[in-house]
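Trainee: As input, take entry-v2.cif (mmCIF, C-alpha atoms):
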```cif
data_coords
loop_
_atom_site.label_atom_id
_atom_site.label_comp_id
_atom_site.auth_asym_id
_atom_site.auth_seq_id
_atom_site.Cartn_x
_atom_site.Cartn_y
_atom_site.Cartn_z
CA MET I 226 88.53 -15.26 -92.56
CA LYS I 227 88.04 -13.33 -89.33
CA LYS I 228 89.63 -9.92 -89.35
CA LYS I 229 91.99 -8.83 -86.58
CA GLN I 230 90.54 -6.28 -84.22
CA ILE I 231 91.80 -2.78 -84.90
CA ILE I 232 92.66 -0.01 -82.44
CA VAL I 233 91.44 3.57 -82.89
CA SER I 234 91.95 6.50 -80.55
CA GLN I 235 88.86 8.19 -79.12
CA HIS I 236 89.97 11.40 -80.85
CA ASP I 237 90.21 9.77 -84.30
CA TYR I 238 87.00 7.82 -83.73
CA GLU I 239 84.98 10.99 -83.08
CA ILE I 240 86.40 12.74 -86.15
CA LEU I 241 85.90 9.72 -88.42
CA LYS I 242 82.40 9.02 -87.13
CA THR I 243 81.42 12.60 -88.00
CA LEU I 244 83.09 12.25 -91.40
CA CYS I 245 81.03 9.11 -92.08
CA TYR I 246 77.78 10.97 -91.43
CA HIS I 247 78.68 13.83 -93.77
CA SER I 248 80.44 12.05 -96.64
CA PRO I 249 79.13 9.63 -99.26
CA GLY I 250 80.93 6.35 -99.90
CA THR I 251 82.00 5.72 -96.32
CA GLU I 252 80.51 2.25 -95.86
CA LYS I 253 83.87 0.47 -95.50
CA LEU I 254 85.11 3.03 -93.00
CA ARG I 255 81.89 2.65 -91.00
CA GLU I 256 82.38 -1.14 -90.94
CA GLU I 257 85.94 -0.70 -89.68
CA LEU I 258 84.86 1.72 -86.95
CA GLU I 259 82.12 -0.66 -85.80
CA ARG I 260 84.65 -3.39 -85.08
CA ALA I 261 87.34 -1.13 -83.63
CA VAL I 262 88.55 -1.08 -80.04
CA ILE I 263 88.30 2.58 -79.02
CA ARG I 264 91.03 3.77 -76.67
CA LYS I 265 90.59 6.95 -74.64
CA HIS I 266 94.22 7.03 -73.59
CA LYS I 267 97.47 6.65 -75.46
CA ILE I 268 97.54 3.88 -78.01
CA PRO I 269 100.63 1.92 -79.08
CA GLU I 270 103.03 4.02 -81.17
CA ASP I 271 103.09 1.53 -84.04
CA VAL I 272 99.31 1.65 -84.69
CA VAL I 273 98.18 3.44 -87.85
CA GLN I 274 96.10 6.51 -86.98
CA VAL I 275 95.01 9.66 -88.76
CA ASN I 276 98.21 11.62 -89.50
CA SER I 277 100.47 8.57 -89.19
CA LEU I 278 103.41 8.38 -91.54
CA LEU I 279 103.75 4.77 -92.63
CA GLN I 280 105.50 2.46 -95.01
CA PHE I 281 103.73 -0.58 -96.47
CA ARG I 282 104.32 -3.18 -99.14
CA ASP I 283 101.75 -4.47 -101.59
CA VAL I 284 102.41 -8.21 -101.26
CA ARG I 285 101.09 -8.96 -104.75
CA SER I 286 103.23 -6.44 -106.64
CA GLY I 287 106.08 -6.04 -104.16
CA ALA I 288 105.79 -2.25 -104.42
CA VAL I 289 106.72 -0.34 -101.26
CA ARG I 290 105.02 2.99 -100.56
CA GLU I 291 105.46 5.59 -97.87
CA VAL I 292 102.39 7.71 -97.17
CA LYS I 293 100.82 9.91 -94.55
CA LEU I 294 97.23 8.90 -93.71
CA VAL I 295 95.13 12.08 -93.68
CA LEU I 296 91.58 13.38 -93.70
CA PRO I 297 90.11 13.90 -97.19
CA ALA I 298 90.60 17.69 -97.26
CA ALA I 299 94.38 17.23 -96.77
CA SER I 300 94.85 14.41 -99.27
CA ASN I 301 97.33 14.87 -102.11
CA ILE I 302 98.71 11.66 -103.57
CA GLN I 303 101.58 13.53 -105.33
CA GLN I 304 102.75 14.63 -101.87
CA GLY I 305 102.23 11.16 -100.39
CA LYS I 306 99.12 12.18 -98.42
CA LEU I 307 96.61 9.33 -98.59
CA SER I 308 92.95 9.95 -97.72
CA ILE I 309 91.42 7.85 -94.96
CA LEU I 310 88.45 7.42 -97.35
CA SER I 311 90.54 5.79 -100.08
CA PRO I 312 90.27 1.98 -100.16
CA ILE I 313 93.86 1.55 -99.02
CA GLY I 314 93.60 4.34 -96.42
CA THR I 315 90.57 2.70 -94.84
CA ALA I 316 92.31 -0.68 -94.94
CA LEU I 317 95.36 0.55 -93.03
CA LEU I 318 93.56 2.32 -90.17
CA GLY I 319 94.04 0.69 -86.77
CA TYR I 320 96.55 -1.96 -87.81
CA SER I 321 100.17 -1.98 -86.64
CA THR I 322 103.71 -2.67 -87.78
CA GLY I 323 104.07 -6.24 -89.05
CA ASP I 324 100.36 -6.77 -89.80
CA ILE I 325 99.32 -8.14 -93.18
CA ILE I 326 95.88 -7.00 -94.30
CA ASP I 327 93.67 -8.68 -96.89
CA TRP I 328 91.66 -5.98 -98.65
CA GLU I 329 89.45 -5.42 -101.68
CA VAL I 330 90.59 -2.52 -103.87
CA PRO I 331 89.21 -1.43 -107.27
CA ALA I 332 91.82 -3.64 -109.01
CA GLY I 333 90.80 -6.73 -106.97
CA LYS I 334 91.97 -8.33 -103.74
CA THR I 335 95.34 -7.39 -102.38
CA GLN I 336 97.46 -7.86 -99.28
CA LEU I 337 99.19 -4.97 -97.58
CA HIS I 338 102.11 -5.57 -95.22
CA ILE I 339 102.75 -2.68 -92.82
CA LEU I 340 106.50 -2.25 -92.53
CA ARG I 341 106.79 0.87 -90.34
CA VAL I 342 104.56 3.40 -88.58
CA ILE I 343 105.59 6.81 -87.23
CA ASN I 344 103.15 8.83 -85.14
CA ASP I 345 103.67 12.39 -84.02
CA GLY I 346 101.47 12.03 -80.95
CA ALA I 347 98.40 13.69 -82.51
CA GLY I 348 95.16 11.92 -81.77
CA GLN I 349 96.46 10.17 -78.68
#
```
In structure tokens, how does this file's structure come out?

Mentor:
Amino acid sequence: MKKKQIIVSQHDYEILKTLCYHSPGTEKLREELERAVIRKHKIPEDVVQVNSLLQFRDVRSGAVREVKLVLPAASNIQQGKLSILSPIGTALLGYSTGDIIDWEVPAGKTQLHILRVINDGAGQ
């Protein structure tokens, strides 16, 4: 199955590219960045970016989660701050409200349905 093209801001792209060079285990993120459309100017408000607050549903379990997608140093799952380097964090980057993503996580394949995205304007 061909994956949908994702959108990443130039700002986020530069930060994440640097992160990939300095962090182990970033292969999936590198793959996502390689296929991303990089936008220098404002990107749509409903696109998941670094520091987006979003709500998604795991299609398999039906569980709904609300998280903020953050850089690894800011991650804290108890506070709902999901690292961009986590399997689900990498999966969500660049997709938008309404998208359903097929993704491999440690527990097997899953589908994530993005229900809502809130951006504060950072990274645009």

Trainee: Stretch 257-273 of chain I, all listed atoms, 4 Å padding on each side: what axis-aligned box centre and edge lengths in Å to one decimal come out, as JSON?

Mentor:
```
{"center_x": 92.6, "center_y": 1.8, "center_z": -81.6, "size_x": 29.0, "size_y": 18.4, "size_z": 24.1}
```

Trainee: Can you work out the spacing between atom CA of I:Glu252 and atom CA of I:Thr315 in Å, to one decimal?

Mentor: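 Going from atom CA of I:Glu252 over to atom CA of I:Thr315, I get 10.1 Å.
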
Trainee: Can you translate the PyMOL selection byres ((chain I and resi 275) around 8) into the concrete residues it hits in this file, as a list of chain:residue names?

Mentor: I:Asp237, I:Val273, I:Gln274, I:Asn276, I:Ser277, I:Leu294, I:Val295, I:Leu296, I:Ile309, I:Leu318, I:Gly348

Trainee: Report the residues retrieved by the PyMOL selection byres ((chain I and resi 338) around 8) from the displayed file, expressed as a VMD selection string.

Mentor: chain I and resid 281 to 284 323 to 326 336 to 337 339 to 340

Trainee: Give me, please, the distance in Å between atom CA of I:Asp271 and atom CA of I:His247, quoted to one decimal.

Mentor: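 Rounded to one decimal, the two atoms are 29.0 Å apart.
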
Trainee: Tell me, in Å to one decimal, how far atom CA of I:Thr322 is from atom CA of I:Val272.

Mentor: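 Computing the Euclidean distance for atom CA of I:Thr322 and atom CA of I:Val272 yields 6.9 Å.
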
Trainee: Specify as a ChimeraX atom specification each residue included when the PyMOL selection byres ((chain I and resi 238-242) around 10) is applied to this file.

Mentor: /I:232-237,243-247,251,254-255,258-259,261-265,274-275,296,309-310,348

Trainee: Which one of I:Glu329, I:Val289, I:Lys334, I:Val342 sits closest to I:Ser311 if you count all atoms listed in the file?

Mentor: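 So, comparing all the options, the nearest one is I:Glu329.
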
Trainee: Between I:His266, I:Lys229, I:Lys293, I:Lys306, which one has atoms that come closest to I:Leu279, using all atoms listed in the file?

Mentor: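 Ranking I:His266, I:Lys229, I:Lys293, I:Lys306 by distance to I:Leu279, first place goes to I:Lys293.
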
Trainee: Using all atoms listed in the file, which residue out of I:Leu317, I:Ile231, I:Asp327, I:Lys267 lies closest to I:Arg341?

Mentor: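 Among the listed residues, the smallest separation from I:Arg341 belongs to I:Leu317.
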
Trainee: Return the single residue from I:Gly319, I:Arg285, I:Ser248, I:Gly314 that is closest to I:Ile302, with distances computed using only C-alpha atoms.

Mentor: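 Of I:Gly319, I:Arg285, I:Ser248, I:Gly314, the one nearest I:Ile302 is I:Gly314, counting only C-alpha atoms.
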
Trainee: Pick from I:Asn344, I:Ser286, I:Gln230, I:Ser308: nearest to I:Arg260, with all atoms listed in the file counted?

Mentor: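 Closest residue, counting all atoms listed in the file: I:Gln230.
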
Trainee: Between I:Pro297, I:Ile343, I:Ile268, I:Pro312, which is the closest to I:Val330 once you count all atoms listed in the file?

Mentor: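 Answer, going by the shortest atom-to-atom distance: I:Pro312.
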
Trainee: Compile the contact shell of I:Gln303 as a PDB file with C-alpha atoms, in the coordinates of the input: residues with an atom at most 12 Å away, counting only C-alpha atoms, same-chain residues fewer than 4 positions apart removed.

Mentor:
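Writing done, so here's part-v7.pdb:
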```
ATOM      1  CA  GLU I 291     105.460   5.590 -97.870  1.00  0.00           C
ATOM      2  CA  VAL I 292     102.390   7.710 -97.170  1.00  0.00           C
ATOM      3  CA  LYS I 293     100.820   9.910 -94.550  1.00  0.00           C
ATOM      4  CA  ALA I 299      94.380  17.230 -96.770  1.00  0.00           C
ATOM      5  CA  LEU I 307      96.610   9.330 -98.590  1.00  0.00           C
TER       6      LEU I 307
END
```
